[in-house]
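Undergrad: Sharing a structure with you now.
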Amino acid sequence: MLSSFFIQTLNGLASASTLFLVAVGLSLIFGVTRIVNFAHGALYMLGLYAAYSLIERLGVTPLGFWGGIAGAALAVAVVGALIEMLILRRIYHVPELFQLLATFALTLVIKDAVLWAWGAEDLLGPRAPGLRGSVELFGKPFPQYDLALIAIGPAVLGALWLLLNRTRWGTLVRAATQDREMVGALGVNQKWLFTGVFALGAFLAGLGGALQIPREPAQLFLDLAAISDAFVVVVVGGLGSIPGAFLAAVIIGLIKAYCVGVGTVELFGTTFAFSKLTLVAEFIVMAIVLVLRPQGLLGRPHGLQRVAAAHVEQPLRPAGRALRSAAIVGLAALAALPLATTGYTLVLMIDILVFALFAASLHFLMGPGGMVSFGHAAYLGLGAYGAGLLLKAAGWPMEAALIAAPLVAAAGAAVFGWFCVRLSGVYLAMLTLAFAQIAWSIVFQWDAFTGGSNGIVGVWPAPWLAPRPAYYLLALALCGGAIWLLRRMLFAPFGYALRAGRDSPLRADAIGIDVRRVQWAGFVVAGACAGLAGGLYAFSKGSISPDSTMAVSRSIDALVMVLLGGVQTLSGPVVGAALFTWLQDLVARGTDYWRAVLGGAILVLVLAFPQGIVGALRAWSGAREQR
Amino acid sequence: MLAVRHLDAYYGRAHILADLSLAVGTGEVVVLLGRNGAGKSTTLKCIMGLVRAAGGEIEFAGRRIERMEPYEIAGLGLGYVPEDRRIFTELTVMENLEVGRQAPRAGAPAWTPERLFSLFPNLAEMTDRPGGRISGGEQQMLTIARTLMGNPSCILLDEPSEGLAPVIVDQMAAAIRSLKAEGLSVLLSEQNLHFATEVSDRAYIIEKGRIRFAGTMAALAANEDVRAQYLAV
Amino acid sequence: MSAVLVVSRLAKSFGGVHAVREVSFELAAGELLALIGPNGAGKTTCFNMLNGQLAADGGSVRFEGRELLGLAPRAVWRLGVGRTFQITATFASMTVRENVQMALVSHRRRLREWWRPTARLYREEADRLLGRVGMLEQAGRACSVLAYGDLKRVELAVALANEPRLLLMDEPTAGMAPQERIALMALTAEIVRERRIAVLFTEHDMDVVFAHADRIIVLNRGRLIAAGAPAEVRASAQVQQVYLGSRGAH
């Protein structure tokens, strides 16, 4: 018993080293550039693939192996430097969210580049020469390579400490972390400092990936897996804190290892599978840390920090007569669409409607509410699963199940939101991500109830709604109605109170507005709308799975839709959703590399229109009016 | 040494500086006087490239600098000491100085930490203390010392006396006089006329972003109207 | 005249440093009381304890007999205490009128409504308040494009929306031109006298203080060192030394 505890401790420390390597680079980059580098997971993945090819080329000798790992890390550093110089350098001044969007787009591009270069097959690398065997520890065998990994973590921590505290470069980096502008005013060219930091961060991510070569195969999903792990570690440790990242990596590594070690236990008469907790353990740790110590374990308290959606927004104007007539004509045209076609176009249109509502609900939260959610898919998923389970497991009629979908999601949003509104900015966003991951893993693992990774099939609408045109009209009515309702709320005191809390929490509080309460209500409303979208989605597809409804990538889709359209405008998310869904469909049918095309398009958009499409159109027409 | 001609600057739509011109000669200490919000800090930030000028020219050491980045301007030998000090609170006093260090420059006094400690003796005793854990007066000394580590030929000093105890203000005045003795040019912004009079050769008075008076300290002392209108508390 | 606000033995320290020590004073309806003192004397700390933003270490603050310490800012406001900020705090994405409407909507407890457009609620009342502070012509403009002095006027209108009996104004004229300062303070004085609102304000501009304050209290290093009519305070040697004297050699 005790010996297996020690072995699990060692296992935990070994994975902690990898976690630390990825997270510390993310933390460094954020500290200096203030960019949350979403592409960090992709850089990690790239390191793993690069190491595979380099070692194959150099030969599996000690020199070839370690040289390959070092070479892979260096190659990733070069890629990082190029990314900084070609893309990030142009967007340091744009709102944080667009930076995030740009780095997300990079993730897509890198993923497809890897797919193109290495193919879709999993690639299992060689084991480390000289460290192939295992040693006897506490009476059990333990891989020698993992012992090496355990040593590498603290070694890198020490090297980083020396670099940052004992060199001029490190002093400048630490100074820039606190006040970049002042460092510039003292004569330091920050551009190269930033490039250097980004390259170092990329190097560490690449190294983290490369070192995994004997332990896990190179796979295409590793980018998102690594980035969410790294986010958790950085947030738990405290953004920008290097020792914090190490501590958090160790804690999370150990907890996961112990969960595996404990396995299935009988507790109070029920079997409890601790090993299944591994997927959520880190997110539970993060949620607890964020609620108890929002700045992270070793982070310093920040002031009220917000993810600025954009510059100052214009006052809301009620729709003029022209716009109102245009909306009515547009709706009429949409309602008449089934007369023209009943084919694939309608299927696509249903998707667009569902995602327009999904994006509008996220916009409600992040635009007027000022709360950016990285986990909005949780509510889409809760709605979808709520409807699906009520239909299949509880035997409710389809209509009732659909009505219940937003209520289930609203209940979830009430619970998650209660915690989230206590935070702000990046921390809030991370907590939403944590909750979404927790929800995802519960659904993913609870085979008996949710069908696990296979999901639920046979979620079909009632017979009278089964014909495609009927379902399309239902979706149009419900999505259109809900979006219209969201808009009404924005113009009503509730929406104004939400914006008041975002614009100036100080003033809002001083005129009697309970900002947290209003934000909480905003969370519930947004959750309910996303849940309705989820319910409609479930019945339109006939089947649901954790990945199609609740995965991180769904949350990101919604973010991209909102940002594409523009956060400042009410019509933005609808336009963004339509464009995104249509483009995705078009590109996915045209090429295997739709992600790269999409990522490239997003990058071009972010570089060209940092206000989103509708925002740019409005600025352009505004400029024309002033002329 | 430093010449500003017809400078215009905006924050959003607010016109902060309008047609502002001033000059600082080599080895001269010039003060920009005015109330809170008159545009003093913005003028210094514009010169340093921290706020983009909408129009006008800025010339330093024979080069046009209004389009340059702050680090390039600093590289030419123009030092900037911000009003809010902006000490790197997590770096030690010595590390703060290290960030400011640049190669020595011809035609400008060369500084080492040791020489700076003789100018600001308080700092010598706390070289390993984090910048966030020294007093306000010591921070003000450190921010000036940090800028001097760049061996500038001219420095912009934004309200060096603000929020300091009278004793420290006196030390600050003495330090500025010895910088002048070293041949450094200084443009400082101030609200404290008394302090300004002690250290400056000439003064400009700024109000609502415009220069309302330019002249020697003696001329300002003689002009009761100007003082009453723009400076009276 | 009975006191609207009674502050007694208010205290606060930050990490062992006494920012405010045993400060006591009273304020009557319709009275303008100026709180002055050098930078770092504890004025802002004092202020933030009165309005609920900062927890006090000791003492009491009674408004119309009710204890304010321990209440959240919004609860203090609900009791009838308005406030303006040193750096104006308005809702930048809303128009001038909407800013005032929000305060009125909140005052009437209609924040939860989610159907009727805000624009139609209390519009006339908002316009009356804006007219009173001279901002009616700009009622439809966004707060984000206003001149600073105008924002201060908007804040004043917002602060009046809940028919306060006490107004806390933190440096009401900071960042304004001299003529504007006098005009704003004259307007404030006129309004509070006609509505018999008690005002406590901090201020750096001595012209404003001596022109409009009925009484002045002086803080230095967290302690109240003088209190009285403007003439008395001006004559106090201690005040001269710590504050007025050091402010300029004229």
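Residues are referred to by chain and number: the chain letter is A, B, ... according to the order shown in the structure tokens, the number counts from 1 in that chain, and ligands are numbered separately from 1 in the order shown.
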Taking only C-alpha atoms into account, report as a ChimeraX atom specification which residues of chain A lie within 9 Å of chain B.

TA: /A:168,171-172,174-176,178-179,181-190

Undergrad: Quick check: residues of chain C within 10 Å of chain A, only C-alpha atoms, returned as an mmCIF file with C-alpha atoms, in the first residue's frame.

TA:
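What landed in result-v4.cif:
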data_model
loop_
_atom_site.group_PDB
_atom_site.id
_atom_site.type_symbol
_atom_site.label_atom_id
_atom_site.label_comp_id
_atom_site.auth_asym_id
_atom_site.auth_seq_id
_atom_site.Cartn_x
_atom_site.Cartn_y
_atom_site.Cartn_z
ATOM 1 C CA ASN C 51 -19.402 55.839 1.651
ATOM 2 C CA GLY C 52 -18.920 52.187 2.428
ATOM 3 C CA GLN C 53 -16.115 51.431 0.025
ATOM 4 C CA ALA C 72 -22.088 48.344 1.156
ATOM 5 C CA PRO C 73 -21.871 51.496 -0.995
ATOM 6 C CA ARG C 74 -25.184 50.666 -2.631
ATOM 7 C CA ALA C 75 -26.884 50.361 0.749
ATOM 8 C CA VAL C 76 -25.449 53.700 1.834
ATOM 9 C CA TRP C 77 -26.853 55.190 -1.348
ATOM 10 C CA ARG C 78 -30.280 53.706 -0.725
ATOM 11 C CA LEU C 79 -30.419 55.537 2.602
ATOM 12 C CA VAL C 81 -26.408 59.544 0.370
ATOM 13 C CA GLY C 82 -25.263 60.672 -3.093
ATOM 14 C CA ARG C 83 -21.687 60.854 -4.214
ATOM 15 C CA THR C 84 -19.360 62.121 -6.897
ATOM 16 C CA PHE C 85 -15.883 60.806 -7.568
ATOM 17 C CA THR C 88 -15.487 60.963 -12.750
ATOM 18 C CA ALA C 89 -17.223 57.616 -12.902
ATOM 19 C CA THR C 90 -19.999 57.510 -15.463
ATOM 20 C CA PHE C 91 -21.296 54.866 -17.826
ATOM 21 C CA ALA C 92 -19.286 55.636 -20.928
ATOM 22 C CA SER C 93 -21.413 53.582 -23.303
ATOM 23 C CA MET C 94 -24.570 55.468 -22.371
ATOM 24 C CA THR C 95 -25.822 58.919 -23.155
ATOM 25 C CA VAL C 96 -25.875 61.683 -20.597
ATOM 26 C CA GLU C 98 -29.375 57.500 -19.809
ATOM 27 C CA ASN C 99 -26.837 57.919 -17.029
ATOM 28 C CA VAL C 100 -29.348 59.942 -15.057
ATOM 29 C CA GLN C 101 -32.201 57.632 -16.040
ATOM 30 C CA MET C 102 -30.279 54.663 -14.647
ATOM 31 C CA ALA C 103 -29.965 56.363 -11.282
ATOM 32 C CA LEU C 104 -33.684 57.140 -11.324
ATOM 33 C CA VAL C 105 -34.602 53.604 -12.367
ATOM 34 C CA SER C 106 -32.479 52.232 -9.562
ATOM 35 C CA HIS C 107 -33.919 54.684 -7.068
ATOM 36 C CA ARG C 109 -36.285 49.914 -7.774
ATOM 37 C CA ARG C 110 -37.105 49.030 -11.349
ATOM 38 C CA LEU C 111 -33.718 47.585 -12.266
ATOM 39 C CA ARG C 112 -35.106 44.117 -12.830
ATOM 40 C CA GLU C 113 -37.508 45.071 -15.571
ATOM 41 C CA TRP C 114 -36.636 43.373 -18.793
ATOM 42 C CA TRP C 115 -39.297 44.396 -21.250
ATOM 43 C CA ARG C 116 -39.983 48.124 -21.363
ATOM 44 C CA PRO C 117 -37.169 50.174 -22.944
ATOM 45 C CA THR C 118 -35.167 52.203 -20.467
ATOM 46 C CA ALA C 119 -35.225 55.160 -22.801
ATOM 47 C CA ARG C 120 -38.880 55.788 -21.956
ATOM 48 C CA LEU C 121 -38.498 55.640 -18.190
ATOM 49 C CA GLY C 140 -28.335 62.882 -26.091
ATOM 50 C CA ARG C 141 -24.553 62.756 -26.364
ATOM 51 C CA ALA C 142 -22.483 59.787 -25.257
ATOM 52 C CA CYS C 143 -20.663 60.292 -21.977
ATOM 53 C CA SER C 144 -17.485 59.049 -23.628
ATOM 54 C CA VAL C 145 -17.200 62.185 -25.764
ATOM 55 C CA GLU C 155 -22.177 63.223 -12.011
ATOM 56 C CA VAL C 158 -26.756 61.525 -11.144
ATOM 57 C CA ALA C 159 -25.966 62.178 -7.499
ATOM 58 C CA ALA C 161 -31.359 61.503 -8.642
ATOM 59 C CA ASN C 162 -32.130 59.700 -5.386
#

Undergrad: Pro463 in chain A: which residues within 12 Å, counting only C-alpha atoms, same-chain residues fewer than 2 positions away excluded, as a PyMOL selection string?

TA: chain A and resi 397-399+460-461+465-468+470-471+539

Undergrad: Convert the current residue selection to file output with N, CA, C and O atoms, as a CSV table (one decimal), in the first residue's frame.

TA:
chain,number,residue,atom,x,y,z
A,397,PRO,N,-42.4,13.7,-23.6
A,397,PRO,CA,-42.7,14.0,-25.1
A,397,PRO,C,-41.6,15.0,-25.5
A,397,PRO,O,-41.1,15.8,-24.7
A,398,MET,N,-41.4,15.0,-26.8
A,398,MET,CA,-40.3,15.8,-27.4
A,398,MET,C,-40.5,17.3,-27.1
A,398,MET,O,-39.6,18.1,-26.7
A,399,GLU,N,-41.8,17.8,-27.2
A,399,GLU,CA,-42.1,19.2,-27.0
A,399,GLU,C,-41.7,19.6,-25.6
A,399,GLU,O,-41.1,20.6,-25.4
A,460,TRP,N,-35.0,12.2,-31.8
A,460,TRP,CA,-35.7,12.8,-32.9
A,460,TRP,C,-36.9,13.6,-32.5
A,460,TRP,O,-37.5,13.4,-31.5
A,461,PRO,N,-37.2,14.6,-33.3
A,461,PRO,CA,-38.4,15.4,-33.0
A,461,PRO,C,-39.7,14.7,-33.1
A,461,PRO,O,-39.8,13.6,-33.7
A,465,LEU,N,-43.1,17.6,-36.2
A,465,LEU,CA,-41.9,18.4,-36.5
A,465,LEU,C,-40.9,17.7,-37.3
A,465,LEU,O,-39.8,18.3,-37.6
A,466,ALA,N,-41.1,16.5,-37.6
A,466,ALA,CA,-40.1,15.7,-38.3
A,466,ALA,C,-39.7,16.2,-39.7
A,466,ALA,O,-38.6,16.1,-40.1
A,467,PRO,N,-40.7,16.6,-40.5
A,467,PRO,CA,-40.3,17.1,-41.8
A,467,PRO,C,-39.4,18.3,-41.7
A,467,PRO,O,-39.5,19.1,-40.8
A,468,ARG,N,-38.4,18.3,-42.6
A,468,ARG,CA,-37.4,19.3,-42.5
A,468,ARG,C,-37.9,20.8,-42.5
A,468,ARG,O,-37.5,21.6,-41.6
A,470,ALA,N,-40.8,21.9,-41.4
A,470,ALA,CA,-41.4,22.2,-40.1
A,470,ALA,C,-40.4,22.4,-39.1
A,470,ALA,O,-40.5,23.4,-38.3
A,471,TYR,N,-39.4,21.6,-39.0
A,471,TYR,CA,-38.4,21.8,-38.0
A,471,TYR,C,-37.6,23.1,-38.2
A,471,TYR,O,-37.3,23.9,-37.3
A,539,PHE,N,-32.3,17.9,-31.4
A,539,PHE,CA,-33.4,17.3,-32.2
A,539,PHE,C,-33.1,17.5,-33.7
A,539,PHE,O,-33.7,16.8,-34.5

Undergrad: Chain B residues within 6 Å of chain C, counting only C-alpha atoms: which ones, as number ranges by chain?

TA: B: 36-37, 193-194, 233

Undergrad: Any chance you can output those residues with N, CA, C and O atoms as an mmCIF file, in the first residue's frame?

TA:
data_model
loop_
_atom_site.group_PDB
_atom_site.id
_atom_site.type_symbol
_atom_site.label_atom_id
_atom_site.label_comp_id
_atom_site.auth_asym_id
_atom_site.auth_seq_id
_atom_site.Cartn_x
_atom_site.Cartn_y
_atom_site.Cartn_z
ATOM 1 N N ASN B 36 -2.819 71.191 -12.064
ATOM 2 C CA ASN B 36 -3.284 69.848 -12.429
ATOM 3 C C ASN B 36 -4.069 69.905 -13.720
ATOM 4 O O ASN B 36 -4.950 70.742 -13.855
ATOM 5 N N GLY B 37 -3.750 69.041 -14.647
ATOM 6 C CA GLY B 37 -4.566 68.968 -15.853
ATOM 7 C C GLY B 37 -4.275 70.050 -16.869
ATOM 8 O O GLY B 37 -4.976 70.168 -17.867
ATOM 9 N N LEU B 193 5.672 76.444 -7.119
ATOM 10 C CA LEU B 193 6.436 77.574 -7.623
ATOM 11 C C LEU B 193 7.708 77.789 -6.802
ATOM 12 O O LEU B 193 8.765 78.114 -7.328
ATOM 13 N N HIS B 194 7.566 77.583 -5.510
ATOM 14 C CA HIS B 194 8.689 77.790 -4.613
ATOM 15 C C HIS B 194 9.860 76.880 -5.009
ATOM 16 O O HIS B 194 10.991 77.321 -5.186
ATOM 17 N N VAL B 233 -3.016 79.249 -5.774
ATOM 18 C CA VAL B 233 -3.765 78.108 -5.267
ATOM 19 C C VAL B 233 -5.045 78.586 -4.611
ATOM 20 O O VAL B 233 -5.175 79.756 -4.314
#

Undergrad: CA of Leu187 in chain B and CA of Arg64 in chain B, how far apart in Å?

TA: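 One can read the CA of Arg64 in chain B to CA of Leu187 in chain B distance as 17.7 Å.
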
Undergrad: I'd like the neighbourhood of range 219-225 of chain C as a VMD selection string, where a residue qualifies if any of its atoms comes within 12 Å (using only C-alpha atoms), though same-chain residues fewer than 3 positions away should be ignored.

TA: (chain B and resid 165) or (chain C and resid 7 to 14 17 to 25 34 to 47 202 to 203 216 228 233 236 to 244)

Undergrad: Next, dump the selected residues to file, keeping only N, CA and C atoms, as a compact mmCIF listing (two decimals), in the first residue's frame.

TA:
# COMPACT_ATOMS: atom_id res chain seq x y z
N ALA B 165 7.88 65.07 1.52
CA ALA B 165 8.02 65.88 2.72
C ALA B 165 8.98 67.02 2.43
N VAL C 7 -19.95 61.89 12.71
CA VAL C 7 -18.80 60.98 12.61
C VAL C 7 -18.07 61.03 13.93
N SER C 8 -17.88 59.86 14.55
CA SER C 8 -17.12 59.93 15.79
C SER C 8 -16.03 58.87 15.85
N ARG C 9 -14.88 59.34 16.19
CA ARG C 9 -13.69 58.52 16.43
C ARG C 9 -13.41 57.51 15.31
N LEU C 10 -13.56 57.97 14.11
CA LEU C 10 -13.33 57.11 12.95
C LEU C 10 -11.83 56.81 12.85
N ALA C 11 -11.50 55.54 12.60
CA ALA C 11 -10.08 55.16 12.55
C ALA C 11 -9.83 54.10 11.49
N LYS C 12 -8.65 54.18 10.92
CA LYS C 12 -8.23 53.17 9.93
C LYS C 12 -6.73 53.13 9.85
N SER C 13 -6.17 51.93 9.84
CA SER C 13 -4.74 51.86 9.57
C SER C 13 -4.46 50.81 8.51
N PHE C 14 -3.40 51.05 7.75
CA PHE C 14 -2.97 50.12 6.71
C PHE C 14 -1.62 49.57 7.13
N VAL C 17 0.28 51.49 9.68
CA VAL C 17 0.35 52.94 9.51
C VAL C 17 -1.05 53.52 9.74
N HIS C 18 -1.15 54.48 10.65
CA HIS C 18 -2.46 55.07 10.94
C HIS C 18 -2.81 56.08 9.86
N ALA C 19 -3.73 55.71 9.01
CA ALA C 19 -4.12 56.61 7.94
C ALA C 19 -5.14 57.63 8.44
N VAL C 20 -6.04 57.16 9.29
CA VAL C 20 -7.04 58.04 9.88
C VAL C 20 -7.12 57.69 11.35
N ARG C 21 -6.97 58.72 12.23
CA ARG C 21 -6.99 58.43 13.66
C ARG C 21 -8.04 59.27 14.37
N GLU C 22 -9.01 58.59 14.95
CA GLU C 22 -9.93 59.24 15.87
C GLU C 22 -10.51 60.53 15.30
N VAL C 23 -11.02 60.48 14.10
CA VAL C 23 -11.58 61.67 13.48
C VAL C 23 -13.07 61.80 13.85
N SER C 24 -13.46 62.94 14.34
CA SER C 24 -14.87 63.18 14.70
C SER C 24 -15.31 64.53 14.16
N PHE C 25 -16.50 64.57 13.59
CA PHE C 25 -17.09 65.85 13.19
C PHE C 25 -18.57 65.65 12.90
N ALA C 34 -16.03 71.57 4.06
CA ALA C 34 -14.87 71.18 3.27
C ALA C 34 -13.89 70.41 4.13
N LEU C 35 -13.36 69.32 3.55
CA LEU C 35 -12.34 68.53 4.24
C LEU C 35 -11.05 68.77 3.48
N ILE C 36 -10.09 69.44 4.11
CA ILE C 36 -8.85 69.73 3.39
C ILE C 36 -7.65 69.16 4.15
N GLY C 37 -6.51 69.20 3.50
CA GLY C 37 -5.29 68.68 4.10
C GLY C 37 -4.31 68.33 3.02
N PRO C 38 -3.02 68.21 3.36
CA PRO C 38 -2.03 67.89 2.34
C PRO C 38 -2.22 66.48 1.78
N ASN C 39 -1.54 66.20 0.67
CA ASN C 39 -1.57 64.85 0.10
C ASN C 39 -1.22 63.83 1.16
N GLY C 40 -1.95 62.74 1.19
CA GLY C 40 -1.61 61.68 2.12
C GLY C 40 -2.08 61.94 3.54
N ALA C 41 -2.92 62.96 3.72
CA ALA C 41 -3.38 63.28 5.08
C ALA C 41 -4.46 62.32 5.54
N GLY C 42 -5.07 61.59 4.61
CA GLY C 42 -6.12 60.64 4.98
C GLY C 42 -7.50 61.06 4.50
N LYS C 43 -7.56 62.07 3.63
CA LYS C 43 -8.86 62.56 3.17
C LYS C 43 -9.63 61.48 2.41
N THR C 44 -8.96 60.87 1.44
CA THR C 44 -9.64 59.88 0.62
C THR C 44 -10.03 58.66 1.44
N THR C 45 -9.12 58.26 2.36
CA THR C 45 -9.42 57.11 3.23
C THR C 45 -10.67 57.40 4.04
N CYS C 46 -10.71 58.61 4.59
CA CYS C 46 -11.84 59.04 5.40
C CYS C 46 -13.13 58.95 4.57
N PHE C 47 -13.04 59.49 3.38
CA PHE C 47 -14.16 59.54 2.47
C PHE C 47 -14.68 58.15 2.15
N THR C 202 -14.04 67.21 -0.40
CA THR C 202 -12.60 67.44 -0.28
C THR C 202 -12.21 68.31 -1.45
N GLU C 203 -11.19 69.09 -1.29
CA GLU C 203 -10.84 70.01 -2.37
C GLU C 203 -9.42 70.50 -2.20
N ILE C 216 -14.86 74.41 7.60
CA ILE C 216 -13.73 73.66 7.06
C ILE C 216 -13.17 72.79 8.18
N GLY C 228 -13.56 74.73 11.79
CA GLY C 228 -14.17 76.02 12.07
C GLY C 228 -14.57 76.75 10.81
N VAL C 233 -10.03 79.07 10.16
CA VAL C 233 -9.08 78.06 9.68
C VAL C 233 -7.93 78.72 8.95
N SER C 236 -5.41 79.99 11.35
CA SER C 236 -4.72 79.04 12.23
C SER C 236 -3.26 78.86 11.82
N ALA C 237 -2.39 79.05 12.78
CA ALA C 237 -0.97 78.93 12.49
C ALA C 237 -0.60 77.50 12.08
N GLN C 238 -1.25 76.54 12.74
CA GLN C 238 -0.92 75.14 12.46
C GLN C 238 -1.31 74.78 11.02
N VAL C 239 -2.47 75.27 10.61
CA VAL C 239 -2.92 74.99 9.25
C VAL C 239 -1.98 75.66 8.25
N GLN C 240 -1.65 76.88 8.52
CA GLN C 240 -0.70 77.60 7.67
C GLN C 240 0.55 76.76 7.44
N GLN C 241 1.03 76.22 8.56
CA GLN C 241 2.30 75.51 8.50
C GLN C 241 2.19 74.21 7.70
N VAL C 242 1.17 73.41 7.97
CA VAL C 242 1.15 72.10 7.32
C VAL C 242 0.59 72.17 5.92
N TYR C 243 -0.17 73.15 5.61
CA TYR C 243 -0.87 73.06 4.35
C TYR C 243 -0.76 74.30 3.51
N LEU C 244 -1.45 75.33 3.94
CA LEU C 244 -1.55 76.51 3.08
C LEU C 244 -0.17 77.09 2.81

Undergrad: Would you please give, as a list in words, all residues of range 141-207 of chain C that DSSP assigns to strand (DSSP E or B) based on the backbone?

TA: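 Written out, the strand (DSSP E or B) residues of range 141-207 of chain C are Ala142, Leu166, Leu167, Leu168, Met169, Asp170, Ala198, Val199, Leu200, Phe201 and Thr202 of chain C.
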
Undergrad: Those same residues, written as a short mmCIF file (atom, residue, chain, number, x, y, z; two decimals), in the first residue's frame with N, CA and C atoms?

TA:
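Generated file (part-v2.cif):
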data_model
loop_
_atom_site.label_atom_id
_atom_site.label_comp_id
_atom_site.auth_asym_id
_atom_site.auth_seq_id
_atom_site.Cartn_x
_atom_site.Cartn_y
_atom_site.Cartn_z
N ALA C 142 -23.09 60.87 -26.03
CA ALA C 142 -22.48 59.79 -25.26
C ALA C 142 -21.56 60.39 -24.21
N LEU C 166 -27.66 63.85 1.89
CA LEU C 166 -26.23 64.07 2.12
C LEU C 166 -25.51 63.78 0.81
N LEU C 167 -24.57 64.65 0.47
CA LEU C 167 -23.81 64.47 -0.76
C LEU C 167 -22.33 64.40 -0.38
N LEU C 168 -21.65 63.35 -0.84
CA LEU C 168 -20.22 63.23 -0.59
C LEU C 168 -19.50 63.52 -1.90
N MET C 169 -18.70 64.56 -1.94
CA MET C 169 -18.05 64.93 -3.20
C MET C 169 -16.54 64.91 -3.01
N ASP C 170 -15.88 63.95 -3.70
CA ASP C 170 -14.44 63.81 -3.58
C ASP C 170 -13.79 64.67 -4.66
N ALA C 198 -26.99 68.31 2.88
CA ALA C 198 -25.70 68.49 3.54
C ALA C 198 -24.61 68.01 2.59
N VAL C 199 -23.49 68.75 2.51
CA VAL C 199 -22.42 68.36 1.60
C VAL C 199 -21.09 68.26 2.35
N LEU C 200 -20.41 67.14 2.12
CA LEU C 200 -19.03 67.04 2.59
C LEU C 200 -18.17 66.92 1.35
N PHE C 201 -17.21 67.83 1.19
CA PHE C 201 -16.36 67.72 0.01
C PHE C 201 -14.89 67.91 0.35
N THR C 202 -14.04 67.21 -0.40
CA THR C 202 -12.60 67.44 -0.28
C THR C 202 -12.21 68.31 -1.45
#

Undergrad: I'd like the contact shell of range 415-422 of chain A - 6 Å cut-off, only C-alpha atoms, skipping same-chain residues fewer than 3 positions apart - returned as a short mmCIF file (atom, residue, chain, number, x, y, z; two decimals) with C-alpha atoms, in the first residue's frame.

TA:
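Once written, selection-v4.cif looks like this:
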data_model
loop_
_atom_site.label_atom_id
_atom_site.label_comp_id
_atom_site.auth_asym_id
_atom_site.auth_seq_id
_atom_site.Cartn_x
_atom_site.Cartn_y
_atom_site.Cartn_z
CA GLY A 412 -26.41 24.94 -14.59
CA LEU A 428 -13.35 34.65 -14.89
CA ARG A 516 -22.76 40.76 -8.93
CA TRP A 520 -25.45 36.50 -12.12
CA PHE A 523 -25.31 34.46 -16.68
#

Undergrad: Just list as JSON, numbers by chain whatever in chain B DSSP marks as helix (DSSP H, G or I).

TA: {"B": [40, 41, 42, 43, 44, 45, 46, 47, 48, 70, 71, 72, 73, 74, 75, 93, 94, 95, 96, 97, 98, 99, 100, 113, 114, 115, 116, 117, 118, 119, 121, 122, 123, 124, 131, 132, 133, 136, 137, 138, 139, 140, 141, 142, 143, 144, 145, 146, 147, 148, 166, 167, 168, 169, 170, 171, 172, 173, 174, 175, 176, 177, 178, 179, 180, 181, 193, 194, 195, 196, 197, 198, 199, 217, 218, 219, 220, 221, 222, 224, 225, 226, 227, 228, 229, 230, 231]}

Undergrad: One number please: CA of Ala377 in chain A to CA of Ala558 in chain A, in Å, one decimal.

TA: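 The value is 7.9 Å.
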
Undergrad: Write out as a list in words the residues lying within 9 Å of Ile456 in chain A, counting only C-alpha atoms and excluding same-chain residues fewer than 2 positions away.

TA: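 Result of the neighbour search: Tyr385, Gly388, Leu389, Lys392, Thr450, Gly451, Gly452, Asn454, Gly458, Val459, Gly542, Ser543, Ile544 and Ser545 of chain A.
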
Undergrad: Please list as a PyMOL selection string every residue within 10 Å of Asp150 in chain C, counting only C-alpha atoms and excluding residues in the same chain fewer than 6 positions away.

TA: chain C and resi 96+133-135+138+143+156+176+180+184

Undergrad: Could you jot down the CA of Leu20 in chain B to CA of Leu157 in chain B separation for me, Å, one decimal place?

TA: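 If I compute the distance from CA of Leu20 in chain B to CA of Leu157 in chain B, I get 18.1 Å.
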